[in-house]
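Text of the file coords_29.cif, holding mmCIF, C-alpha atoms:
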```cif
data_model
loop_
_atom_site.label_atom_id
_atom_site.label_comp_id
_atom_site.auth_asym_id
_atom_site.auth_seq_id
_atom_site.Cartn_x
_atom_site.Cartn_y
_atom_site.Cartn_z
CA MET P 1 -4.95 -18.82 10.00
CA VAL P 2 -3.53 -15.80 8.21
CA ASN P 3 -4.56 -12.49 9.80
CA PHE P 4 -5.22 -10.04 6.97
CA VAL P 5 -7.42 -7.54 8.78
CA LYS P 6 -7.61 -8.72 12.37
CA ASN P 7 -7.61 -5.55 14.47
CA LEU P 8 -6.78 -3.32 11.52
CA PHE P 9 -5.68 -0.43 13.72
CA SER P 10 -4.42 -2.50 16.66
CA LYS P 11 -0.96 -2.47 18.18
CA SER P 12 1.19 -5.19 19.70
CA LYS P 13 4.60 -5.03 21.37
CA GLN P 14 8.26 -5.65 20.53
CA GLY P 15 7.63 -6.28 16.88
CA ILE P 16 9.01 -5.24 13.52
CA GLY P 17 7.51 -4.50 10.14
CA VAL P 18 9.08 -6.07 7.06
CA GLU P 19 8.22 -5.06 3.49
CA LEU P 20 9.33 -7.30 0.63
CA CYS P 21 9.52 -5.36 -2.65
CA PRO P 22 10.78 -6.28 -6.13
CA ASP P 23 13.77 -3.99 -5.64
CA ARG P 24 14.24 -3.76 -1.87
CA ILE P 25 13.65 -5.29 1.55
CA ASN P 26 12.60 -2.68 4.09
CA LEU P 27 12.59 -3.37 7.83
CA ILE P 28 11.52 -1.05 10.63
CA GLN P 29 11.03 -1.01 14.38
CA LEU P 30 9.27 1.90 16.09
CA GLN P 31 9.18 2.98 19.69
CA LYS P 32 6.29 4.75 21.39
CA GLN P 33 7.19 8.10 22.94
CA ARG P 34 5.28 10.57 25.08
CA GLN P 35 4.27 12.36 21.90
CA GLY P 36 4.32 10.23 18.78
CA TYR P 37 6.85 7.61 17.78
CA LYS P 38 10.56 7.23 17.24
CA VAL P 39 12.35 5.08 14.65
CA VAL P 40 14.55 2.62 16.56
CA THR P 41 15.73 0.56 13.60
CA PHE P 42 15.39 1.13 9.88
CA VAL P 43 17.14 -1.08 7.34
CA THR P 44 16.79 -1.18 3.58
CA GLU P 45 18.66 -3.58 1.30
CA GLU P 46 18.56 -4.17 -2.46
CA VAL P 47 16.86 -7.24 -3.91
CA PRO P 48 18.27 -8.80 -7.11
CA GLU P 49 16.19 -8.88 -10.26
CA GLY P 50 13.90 -11.89 -10.64
CA VAL P 51 13.35 -12.61 -6.94
CA ILE P 52 9.93 -10.89 -6.91
CA GLU P 53 7.97 -10.23 -10.07
CA ASP P 54 4.36 -9.15 -10.58
CA GLY P 55 3.76 -9.20 -6.84
CA GLN P 56 4.84 -12.82 -6.33
CA ILE P 57 7.99 -14.21 -4.68
CA LEU P 58 9.57 -16.41 -7.35
CA ASP P 59 12.90 -17.20 -5.65
CA LEU P 60 12.02 -18.09 -2.07
CA PRO P 61 15.50 -19.32 -0.99
CA THR P 62 17.20 -16.11 -2.14
CA MET P 63 14.62 -13.90 -0.43
CA ALA P 64 14.91 -15.92 2.79
CA GLU P 65 18.70 -15.69 2.67
CA LEU P 66 18.58 -11.92 2.17
CA LEU P 67 16.16 -11.49 5.03
CA GLU P 68 18.13 -13.72 7.36
CA GLY P 69 21.30 -11.78 6.52
CA ILE P 70 19.65 -8.50 7.50
CA ILE P 71 18.43 -9.94 10.81
CA LEU P 72 21.85 -11.33 11.70
CA GLU P 73 23.89 -8.33 10.55
CA HIS P 74 21.82 -5.86 12.52
CA LYS P 75 21.24 -8.20 15.49
CA ILE P 76 17.49 -7.70 15.33
CA LYS P 77 15.31 -9.54 17.82
CA ALA P 78 11.54 -9.36 17.70
CA LYS P 79 8.65 -11.45 18.99
CA HIS P 80 6.13 -10.19 16.47
CA ILE P 81 6.53 -9.61 12.74
CA ALA P 82 4.08 -8.05 10.30
CA THR P 83 4.41 -7.96 6.54
CA ALA P 84 2.22 -6.93 3.62
CA ILE P 85 1.23 -8.43 0.31
CA PRO P 86 0.55 -6.17 -2.70
CA GLY P 87 -3.04 -5.28 -3.49
CA ARG P 88 -2.91 -7.13 -6.80
CA GLU P 89 -2.69 -10.42 -4.87
CA SER P 90 -5.74 -9.72 -2.71
CA ILE P 91 -9.51 -9.64 -2.95
CA VAL P 92 -11.08 -6.90 -0.79
CA ARG P 93 -14.86 -6.57 -0.57
CA LEU P 94 -17.50 -5.07 1.68
CA ILE P 95 -20.16 -7.70 2.23
CA PRO P 96 -23.50 -7.52 4.11
CA VAL P 97 -24.44 -10.31 6.52
CA PRO P 98 -27.58 -10.96 8.58
CA ALA P 99 -27.71 -8.80 11.73
CA GLU P 100 -28.33 -11.84 13.95
CA LEU P 101 -24.80 -13.04 13.12
CA SER P 102 -22.81 -11.12 15.71
CA ASP P 103 -20.66 -13.82 17.28
CA ASP P 104 -17.21 -14.20 15.69
CA ASN P 105 -17.62 -17.96 15.32
CA ASP P 106 -21.00 -17.56 13.60
CA LEU P 107 -19.58 -14.87 11.32
CA ARG P 108 -16.58 -17.00 10.39
CA GLU P 109 -18.81 -19.96 9.57
CA TYR P 110 -21.00 -17.74 7.40
CA VAL P 111 -18.03 -16.16 5.63
CA ASN P 112 -16.48 -19.55 4.94
CA GLN P 113 -19.75 -20.74 3.40
CA GLU P 114 -20.29 -17.62 1.29
CA ALA P 115 -16.65 -16.84 0.39
CA GLY P 116 -16.90 -18.59 -2.96
CA LEU P 117 -19.31 -15.90 -4.17
CA TYR P 118 -16.56 -13.29 -3.95
CA LEU P 119 -13.59 -15.28 -5.21
CA PRO P 120 -12.33 -15.67 -8.80
CA PHE P 121 -10.73 -18.99 -7.81
CA PRO P 122 -11.84 -22.09 -5.82
CA ARG P 123 -12.55 -21.58 -2.11
CA ASP P 124 -10.13 -24.31 -1.06
CA GLU P 125 -7.30 -22.39 -2.76
CA ALA P 126 -7.95 -19.24 -0.71
CA ASP P 127 -6.95 -17.81 2.65
CA VAL P 128 -9.84 -15.74 3.94
CA ASP P 129 -10.21 -13.24 6.77
CA PHE P 130 -12.73 -10.57 7.76
CA GLN P 131 -13.42 -7.75 10.19
CA LYS P 132 -16.79 -6.53 11.37
CA LEU P 133 -17.24 -2.82 10.65
CA GLY P 134 -20.71 -2.00 11.95
CA SER P 135 -24.39 -2.24 11.10
CA PHE P 136 -26.68 -0.54 8.60
CA VAL P 137 -30.27 -0.72 7.31
CA ASP P 138 -30.62 -2.03 3.76
CA GLU P 139 -33.07 -0.87 1.07
CA GLU P 140 -35.76 -3.21 2.39
CA GLY P 141 -35.47 -1.80 5.92
CA ALA P 142 -33.68 -4.83 7.34
CA GLU P 143 -30.74 -4.38 9.67
CA ARG P 144 -27.50 -5.89 8.41
CA ASN P 145 -23.93 -6.13 9.58
CA GLN P 146 -21.14 -5.04 7.28
CA LEU P 147 -17.89 -6.99 7.00
CA LEU P 148 -14.58 -6.13 5.41
CA PHE P 149 -13.75 -9.34 3.54
CA VAL P 150 -10.17 -10.05 2.47
CA ALA P 151 -8.76 -13.06 0.65
CA THR P 152 -5.74 -14.18 -1.32
CA ARG P 153 -4.51 -17.39 -2.86
CA LYS P 154 -3.00 -19.84 -0.40
CA ASP P 155 0.10 -20.22 -2.52
CA VAL P 156 0.77 -16.48 -2.18
CA THR P 157 0.44 -16.36 1.61
CA ASP P 158 2.28 -19.69 1.91
CA SER P 159 5.23 -18.23 -0.01
CA TYR P 160 5.51 -15.34 2.46
CA ILE P 161 5.17 -17.65 5.46
CA THR P 162 7.85 -19.96 4.03
CA VAL P 163 10.31 -17.12 3.41
CA PHE P 164 10.05 -15.86 6.98
CA LYS P 165 10.21 -19.38 8.42
CA GLU P 166 13.36 -20.19 6.43
CA ALA P 167 14.85 -16.91 7.66
CA GLY P 168 14.24 -18.07 11.23
CA LEU P 169 11.38 -15.64 11.84
CA ASN P 170 7.84 -16.19 13.08
CA LEU P 171 5.42 -14.24 10.91
CA ASP P 172 2.20 -13.47 12.77
CA VAL P 173 0.49 -10.85 10.56
CA VAL P 174 0.07 -10.63 6.80
CA GLU P 175 -1.97 -7.68 5.63
CA VAL P 176 -2.71 -5.88 2.37
CA SER P 177 -0.28 -3.05 1.59
CA SER P 178 -3.07 -0.48 1.23
CA PHE P 179 -4.14 -1.17 4.83
CA SER P 180 -0.63 -0.26 6.00
CA ILE P 181 -0.86 3.08 4.18
CA LEU P 182 -4.29 3.77 5.72
CA ARG P 183 -2.74 3.43 9.15
CA CYS P 184 -0.27 6.21 8.28
CA ILE P 185 -2.89 8.67 7.03
CA ARG P 186 -5.70 7.72 9.38
CA GLU P 187 -5.95 11.19 10.91
CA ARG P 188 -6.04 12.82 7.47
CA LEU P 189 -8.93 10.61 6.43
CA GLN P 190 -11.04 11.76 9.37
CA GLN P 191 -11.54 15.16 7.71
CA PHE P 192 -13.81 13.70 5.04
CA THR P 193 -17.55 13.12 5.34
CA PRO P 194 -19.23 9.79 4.43
CA SER P 195 -20.20 11.33 1.08
CA GLU P 196 -16.58 12.18 0.25
CA ALA P 197 -14.08 9.61 -1.02
CA ALA P 198 -10.32 9.81 -0.73
CA VAL P 199 -8.12 7.97 -3.21
CA THR P 200 -4.62 6.71 -2.51
CA ALA P 201 -2.21 6.09 -5.38
CA ASP P 202 0.74 4.08 -4.09
CA ILE P 203 3.37 4.34 -6.85
CA GLU P 204 5.65 1.38 -6.15
CA PHE P 205 8.52 -0.11 -8.14
CA ASP P 206 6.64 -1.90 -10.91
CA SER P 207 2.99 -0.95 -10.33
CA THR P 208 0.62 1.55 -8.75
CA GLU P 209 -1.97 0.41 -6.24
CA ILE P 210 -5.19 2.45 -6.28
CA ALA P 211 -7.53 2.39 -3.28
CA VAL P 212 -10.79 4.30 -2.85
CA ILE P 213 -11.46 5.07 0.81
CA VAL P 214 -14.85 6.09 2.20
CA ASP P 215 -15.41 6.75 5.90
CA GLY P 216 -11.94 5.34 6.61
CA VAL P 217 -12.67 1.98 4.94
CA PRO P 218 -11.28 0.71 1.60
CA GLN P 219 -14.17 0.31 -0.85
CA PHE P 220 -12.42 -0.40 -4.16
CA SER P 221 -8.90 -1.26 -5.27
CA ARG P 222 -7.08 -1.73 -8.54
CA THR P 223 -3.52 -2.38 -9.68
CA ILE P 224 -2.07 -0.41 -12.61
CA GLY P 225 1.03 -1.83 -14.26
CA ILE P 226 2.98 1.44 -14.16
CA GLY P 227 5.50 2.15 -11.41
CA SER P 228 8.70 4.07 -10.81
CA PHE P 229 10.68 1.55 -12.88
CA GLN P 230 8.54 2.15 -15.97
CA ILE P 231 8.76 5.93 -15.47
CA GLN P 232 12.54 5.88 -15.15
CA SER P 233 12.95 3.43 -18.03
CA ALA P 234 11.19 5.89 -20.33
CA LEU P 235 13.45 8.68 -19.05
CA SER P 236 16.63 6.63 -19.47
CA GLN P 237 15.75 5.46 -22.96
CA ALA P 238 15.01 9.00 -24.13
CA MET P 239 18.31 10.24 -22.65
CA ASN P 240 20.32 7.29 -24.00
CA LEU P 241 21.23 6.24 -20.47
CA PRO P 242 21.92 2.60 -19.57
CA PRO P 243 18.92 0.77 -18.06
CA SER P 244 18.95 0.47 -14.29
CA ARG P 245 16.73 -0.91 -11.50
CA ASN P 246 17.83 1.92 -9.24
CA THR P 247 15.13 4.57 -9.50
CA GLU P 248 16.78 7.20 -7.30
CA LEU P 249 17.25 9.38 -10.39
CA LEU P 250 13.54 10.20 -10.27
CA GLN P 251 13.87 11.65 -6.78
CA GLY P 252 15.88 14.55 -8.16
CA MET P 253 13.40 15.35 -10.90
CA THR P 254 10.85 18.18 -10.93
CA LEU P 255 8.08 18.26 -13.50
CA PRO P 256 7.36 21.36 -15.59
CA VAL P 257 3.89 22.47 -14.58
CA ASN P 258 1.72 25.10 -16.22
CA THR P 259 0.76 27.50 -13.44
CA GLY P 260 -1.14 29.97 -15.63
CA ASP P 261 0.75 32.37 -17.83
CA ASN P 262 4.10 31.09 -16.64
CA LEU P 263 5.68 27.70 -17.16
CA THR P 264 7.56 26.40 -14.16
CA MET P 265 10.46 24.55 -15.72
CA GLY P 266 11.69 21.26 -14.33
CA THR P 267 15.25 20.55 -13.38
CA MET P 268 15.86 19.14 -16.84
CA GLY P 269 13.85 21.71 -18.77
CA GLY P 270 10.39 21.55 -20.26
CA ASN P 271 11.62 20.61 -23.73
CA ASN P 272 14.05 17.97 -22.55
CA PRO P 273 13.32 14.63 -24.30
CA GLY P 274 13.75 12.76 -21.00
CA THR P 275 11.18 14.93 -19.27
CA THR P 276 8.81 14.57 -22.21
CA ALA P 277 9.11 10.78 -22.16
CA MET P 278 8.63 10.63 -18.41
CA MET P 279 5.54 12.86 -18.55
CA LYS P 280 4.03 10.67 -21.26
CA VAL P 281 4.17 7.65 -18.94
CA LEU P 282 2.83 9.73 -16.05
CA GLY P 283 0.02 10.89 -18.30
CA GLU P 284 -0.89 7.26 -19.00
CA LEU P 285 -0.87 6.61 -15.25
CA ALA P 286 -3.12 9.61 -14.64
CA ASP P 287 -5.55 8.38 -17.30
CA GLU P 288 -5.73 4.96 -15.62
CA ILE P 289 -6.35 6.60 -12.24
CA ARG P 290 -9.17 8.59 -13.83
CA ARG P 291 -10.71 5.38 -15.22
CA SER P 292 -10.51 3.78 -11.78
CA ILE P 293 -12.20 6.77 -10.14
CA ASP P 294 -14.90 6.97 -12.81
CA PHE P 295 -15.60 3.23 -12.55
CA TYR P 296 -16.18 3.49 -8.83
CA LEU P 297 -18.22 6.71 -8.96
CA ASN P 298 -20.50 5.24 -11.63
CA GLN P 299 -21.52 2.59 -9.08
CA SER P 300 -21.93 5.00 -6.18
CA ASP P 301 -24.77 7.46 -5.75
CA GLY P 302 -24.11 10.88 -4.24
CA LEU P 303 -20.37 10.35 -3.77
CA GLU P 304 -17.54 12.62 -4.86
CA VAL P 305 -13.77 12.26 -4.77
CA ALA P 306 -12.46 14.94 -2.42
CA GLN P 307 -8.73 14.14 -2.41
CA LEU P 308 -6.03 12.13 -4.15
CA PHE P 309 -3.10 11.15 -1.93
CA LEU P 310 0.16 10.22 -3.68
CA VAL P 311 2.38 7.82 -1.75
CA GLY P 312 5.11 5.31 -2.53
CA PRO P 313 8.65 5.68 -3.93
CA GLY P 314 7.44 7.03 -7.26
CA SER P 315 5.53 9.87 -5.64
CA SER P 316 8.72 11.77 -4.74
CA ILE P 317 8.97 13.44 -8.17
CA GLY P 318 8.81 17.21 -7.69
CA GLN P 319 5.46 18.85 -8.52
CA LEU P 320 3.86 15.49 -9.25
CA ASP P 321 0.86 16.62 -7.19
CA GLU P 322 0.42 19.66 -9.43
CA PHE P 323 0.69 17.46 -12.52
CA PHE P 324 -2.06 15.07 -11.37
CA MET P 325 -4.26 17.88 -10.07
CA GLN P 326 -4.21 19.60 -13.47
CA ARG P 327 -4.68 16.33 -15.31
CA LEU P 328 -7.50 14.97 -13.13
CA SER P 329 -9.10 18.12 -11.69
CA VAL P 330 -8.93 16.50 -8.25
CA PRO P 331 -7.17 18.06 -5.24
CA THR P 332 -3.90 16.14 -4.96
CA GLU P 333 -1.25 15.92 -2.27
CA GLN P 334 2.09 14.13 -1.97
CA ILE P 335 2.11 12.51 1.47
CA ASP P 336 5.26 12.31 3.58
CA PRO P 337 4.30 9.55 6.05
CA VAL P 338 7.17 10.47 8.37
CA ALA P 339 5.80 14.00 8.77
CA ALA P 340 2.19 12.76 8.89
CA LEU P 341 3.05 10.57 11.88
CA GLY P 342 5.31 13.13 13.54
CA LEU P 343 8.20 10.66 13.60
CA GLU P 344 11.74 11.37 14.65
CA MET P 345 13.94 10.14 11.81
CA ASP P 346 17.57 10.92 11.04
CA GLU P 347 17.77 12.84 7.75
CA GLU P 348 21.22 11.36 7.11
CA GLU P 349 19.73 7.89 7.35
CA VAL P 350 16.75 8.63 5.10
CA PRO P 351 16.77 11.87 3.09
CA PRO P 352 13.41 13.74 3.08
CA VAL P 353 12.83 13.01 -0.61
CA GLN P 354 12.92 9.25 0.10
CA ARG P 355 10.43 9.40 2.94
CA LEU P 356 7.43 9.45 0.62
CA GLY P 357 8.19 5.81 -0.18
CA LEU P 358 7.94 4.61 3.41
CA GLY P 359 4.15 4.47 3.79
CA VAL P 360 3.81 0.68 3.74
CA ILE P 361 6.75 -0.08 6.01
CA LEU P 362 5.79 2.61 8.53
CA GLY P 363 2.22 1.31 8.58
CA LEU P 364 3.55 -2.16 9.33
CA GLY P 365 5.80 -0.74 12.04
CA LEU P 366 2.82 0.96 13.70
CA ARG P 367 1.14 -2.40 14.08
CA GLU P 368 4.09 -3.72 16.00
CA VAL P 369 5.02 -0.78 18.23
#
```

This entry written out as structure tokens:
Amino acid sequence: MVNFVKNLFSKSKQGIGVELCPDRINLIQLQKQRQGYKVVTFVTEEVPEGVIEDGQILDLPTMAELLEGIILEHKIKAKHIATAIPGRESIVRLIPVPAELSDDNDLREYVNQEAGLYLPFPRDEADVDFQKLGSFVDEEGAERNQLLFVATRKDVTDSYITVFKEAGLNLDVVEVSSFSILRCIRERLQQFTPSEAAVTADIEFDSTEIAVIVDGVPQFSRTIGIGSFQIQSALSQAMNLPPSRNTELLQGMTLPVNTGDNLTMGTMGGNNPGTTAMMKVLGELADEIRRSIDFYLNQSDGLEVAQLFLVGPGSSIGQLDEFFMQRLSVPTEQIDPVAALGLEMDEEEVPPVQRLGLGVILGLGLREV
């Protein structure tokens, strides 16, 4: 069975986290210290174009070969391995179940019977998992248990399992990428009341994963087809630069932001065509985030969005938090997961500007520390 959410905030020992992205493989191993954690091993390697597209591994042999090469080159040994699938490949729902179903076996039988109600594809094509969250009283006064239900297509999870197996590794946890990020910002989420929602926008290479979090639990998710690659492509085209999959250029950018009477100019100038093109794409992303927030709020009584957290490689653009805050009228913060977790990490190994993109891999590493 694939463990998507089993012990969402649990920890095991002597394990590593591995993140497979369209542009990179990230691998990390953490060590528990008296106060916080220390990065023991961090490796990142480029992935050729066409190996992963739209969240799916298309070239399994190449990905397995790349992963095996990393393991051998760095002499990495681990008994436990956790990885994450992108949100676009998952179904995440909160579902009520009868209160008398408290035993795990009874709950699993019930979920297996009812899973088809929550799936857009046949039940026999799905891997399904769940975690019990607690109980509540419904509108009719009946006590119910609430489950976090997670599913994905078998062919998706099978592709990940196959890659790790061919690389000589035993994969024991597959979770949704947004869960990994939640593990990194868990303490920050505790500041919100049950009537306040926090939204995470994970700006990855070719997409942005939106998750609405209430009381520490993901309630709604959506994938937007705009990522750091699309942002940089607009910039490169406007500046007549050759196209590139390397998006490090964005990490040196700062957006011009209107702070009142004064205009804070970006590193390339407010009237620069590259900056203008980049901000147009970011504006489209902001509009899609607004639609996602509005869609969820329209279905929720008495709830307000208290905070937008920006994470992922694309969130390292300077003053991006100010840009989204002005565009969405929602308090916005760029999250450095290294600082949030109080990690010791060599700045020569990973410059501070790149740390914002490590939320998923650090969350996976926390599972295995």

- Task: I would like the residues chosen by the PyMOL selection byres ((chain P and resi 340-357) around 10) on the shown file; could you give them as number ranges by chain?
- Result: P: 30-33, 35-44, 183-188, 202-205, 248, 251-252, 310-318, 334-339, 358-363, 366

Here's the selection I'm unsure about, the PyMOL selection byres ((chain P and resi 234-246) around 12); applied to the file above, which residues does it give, as a VMD selection string?
chain P and resid 22 to 24 45 to 50 205 to 206 226 to 233 247 to 251 253 268 272 to 282 313 to 314

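Proximity ranking of P:Glu125, P:Pro218, P:Ile161, P:Glu209 relative to P:Leu182 places P:Pro218 first, based on only C-alpha atoms.
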
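Take the candidates P:Glu19, P:Glu304, P:Glu53, P:Glu166 and check each one against P:Ile213 using all atoms listed in the file; the shortest distance goes to P:Glu304.
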
message = Could you list, as a count of residues only, every residue within 10 Å of P:Ala167, counting all atoms listed in the file and ignoring same-chain residues fewer than 6 positions away?
response = 12

Return as AutoDock Vina command-line options the centre and edge lengths, in Å with one decimal, of the box along x, y and z that encloses every atom of stretch 276-285 of chain P in the file, padded by 6 Å per side.
```
--center_x 4.1 --center_y 10.6 --center_z -18.7 --size_x 22.0 --size_y 20.0 --size_z 19.0
```

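Proximity of P:Thr200, P:Gln326, P:Thr208, P:Gln219 to P:Ala306, computed with only C-alpha atoms, is greatest for P:Thr200.
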
One decimal place gives the atom CA of P:Pro120-atom CA of P:Val92 separation as 11.9 Å

Evaluate the PyMOL selection byres ((chain P and resi 112) around 10) and report residues as a list in words:
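Selection result, ordered by chain and number: Asp106, Leu107, Arg108, Glu109, Tyr110, Val111, Gln113, Glu114, Ala115, Gly116, Arg123, Asp124, Asp127, Val128 and Asp129 of chain P.
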
May I have the protein, DNA and RNA residues with an atom at most 9 Å from (0.7, 15.9, -9.6), counting all atoms listed in the file in the file's coordinates, returned as a PyMOL selection string?
chain P and resi 255+257+286+310+315+317-328+332-334

Please save C-alpha atoms of the selected residues as a PDB file, keeping the file's coordinate frame.
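Saved result, out-v7.pdb, follows:
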```pdb
ATOM      1  CA  LEU P 255       8.080  18.260 -13.500  1.00  0.00           C
ATOM      2  CA  VAL P 257       3.890  22.470 -14.580  1.00  0.00           C
ATOM      3  CA  ALA P 286      -3.120   9.610 -14.640  1.00  0.00           C
ATOM      4  CA  LEU P 310       0.160  10.220  -3.680  1.00  0.00           C
ATOM      5  CA  SER P 315       5.530   9.870  -5.640  1.00  0.00           C
ATOM      6  CA  ILE P 317       8.970  13.440  -8.170  1.00  0.00           C
ATOM      7  CA  GLY P 318       8.810  17.210  -7.690  1.00  0.00           C
ATOM      8  CA  GLN P 319       5.460  18.850  -8.520  1.00  0.00           C
ATOM      9  CA  LEU P 320       3.860  15.490  -9.250  1.00  0.00           C
ATOM     10  CA  ASP P 321       0.860  16.620  -7.190  1.00  0.00           C
ATOM     11  CA  GLU P 322       0.420  19.660  -9.430  1.00  0.00           C
ATOM     12  CA  PHE P 323       0.690  17.460 -12.520  1.00  0.00           C
ATOM     13  CA  PHE P 324      -2.060  15.070 -11.370  1.00  0.00           C
ATOM     14  CA  MET P 325      -4.260  17.880 -10.070  1.00  0.00           C
ATOM     15  CA  GLN P 326      -4.210  19.600 -13.470  1.00  0.00           C
ATOM     16  CA  ARG P 327      -4.680  16.330 -15.310  1.00  0.00           C
ATOM     17  CA  LEU P 328      -7.500  14.970 -13.130  1.00  0.00           C
ATOM     18  CA  THR P 332      -3.900  16.140  -4.960  1.00  0.00           C
ATOM     19  CA  GLU P 333      -1.250  15.920  -2.270  1.00  0.00           C
ATOM     20  CA  GLN P 334       2.090  14.130  -1.970  1.00  0.00           C
TER      21      GLN P 334
END
```
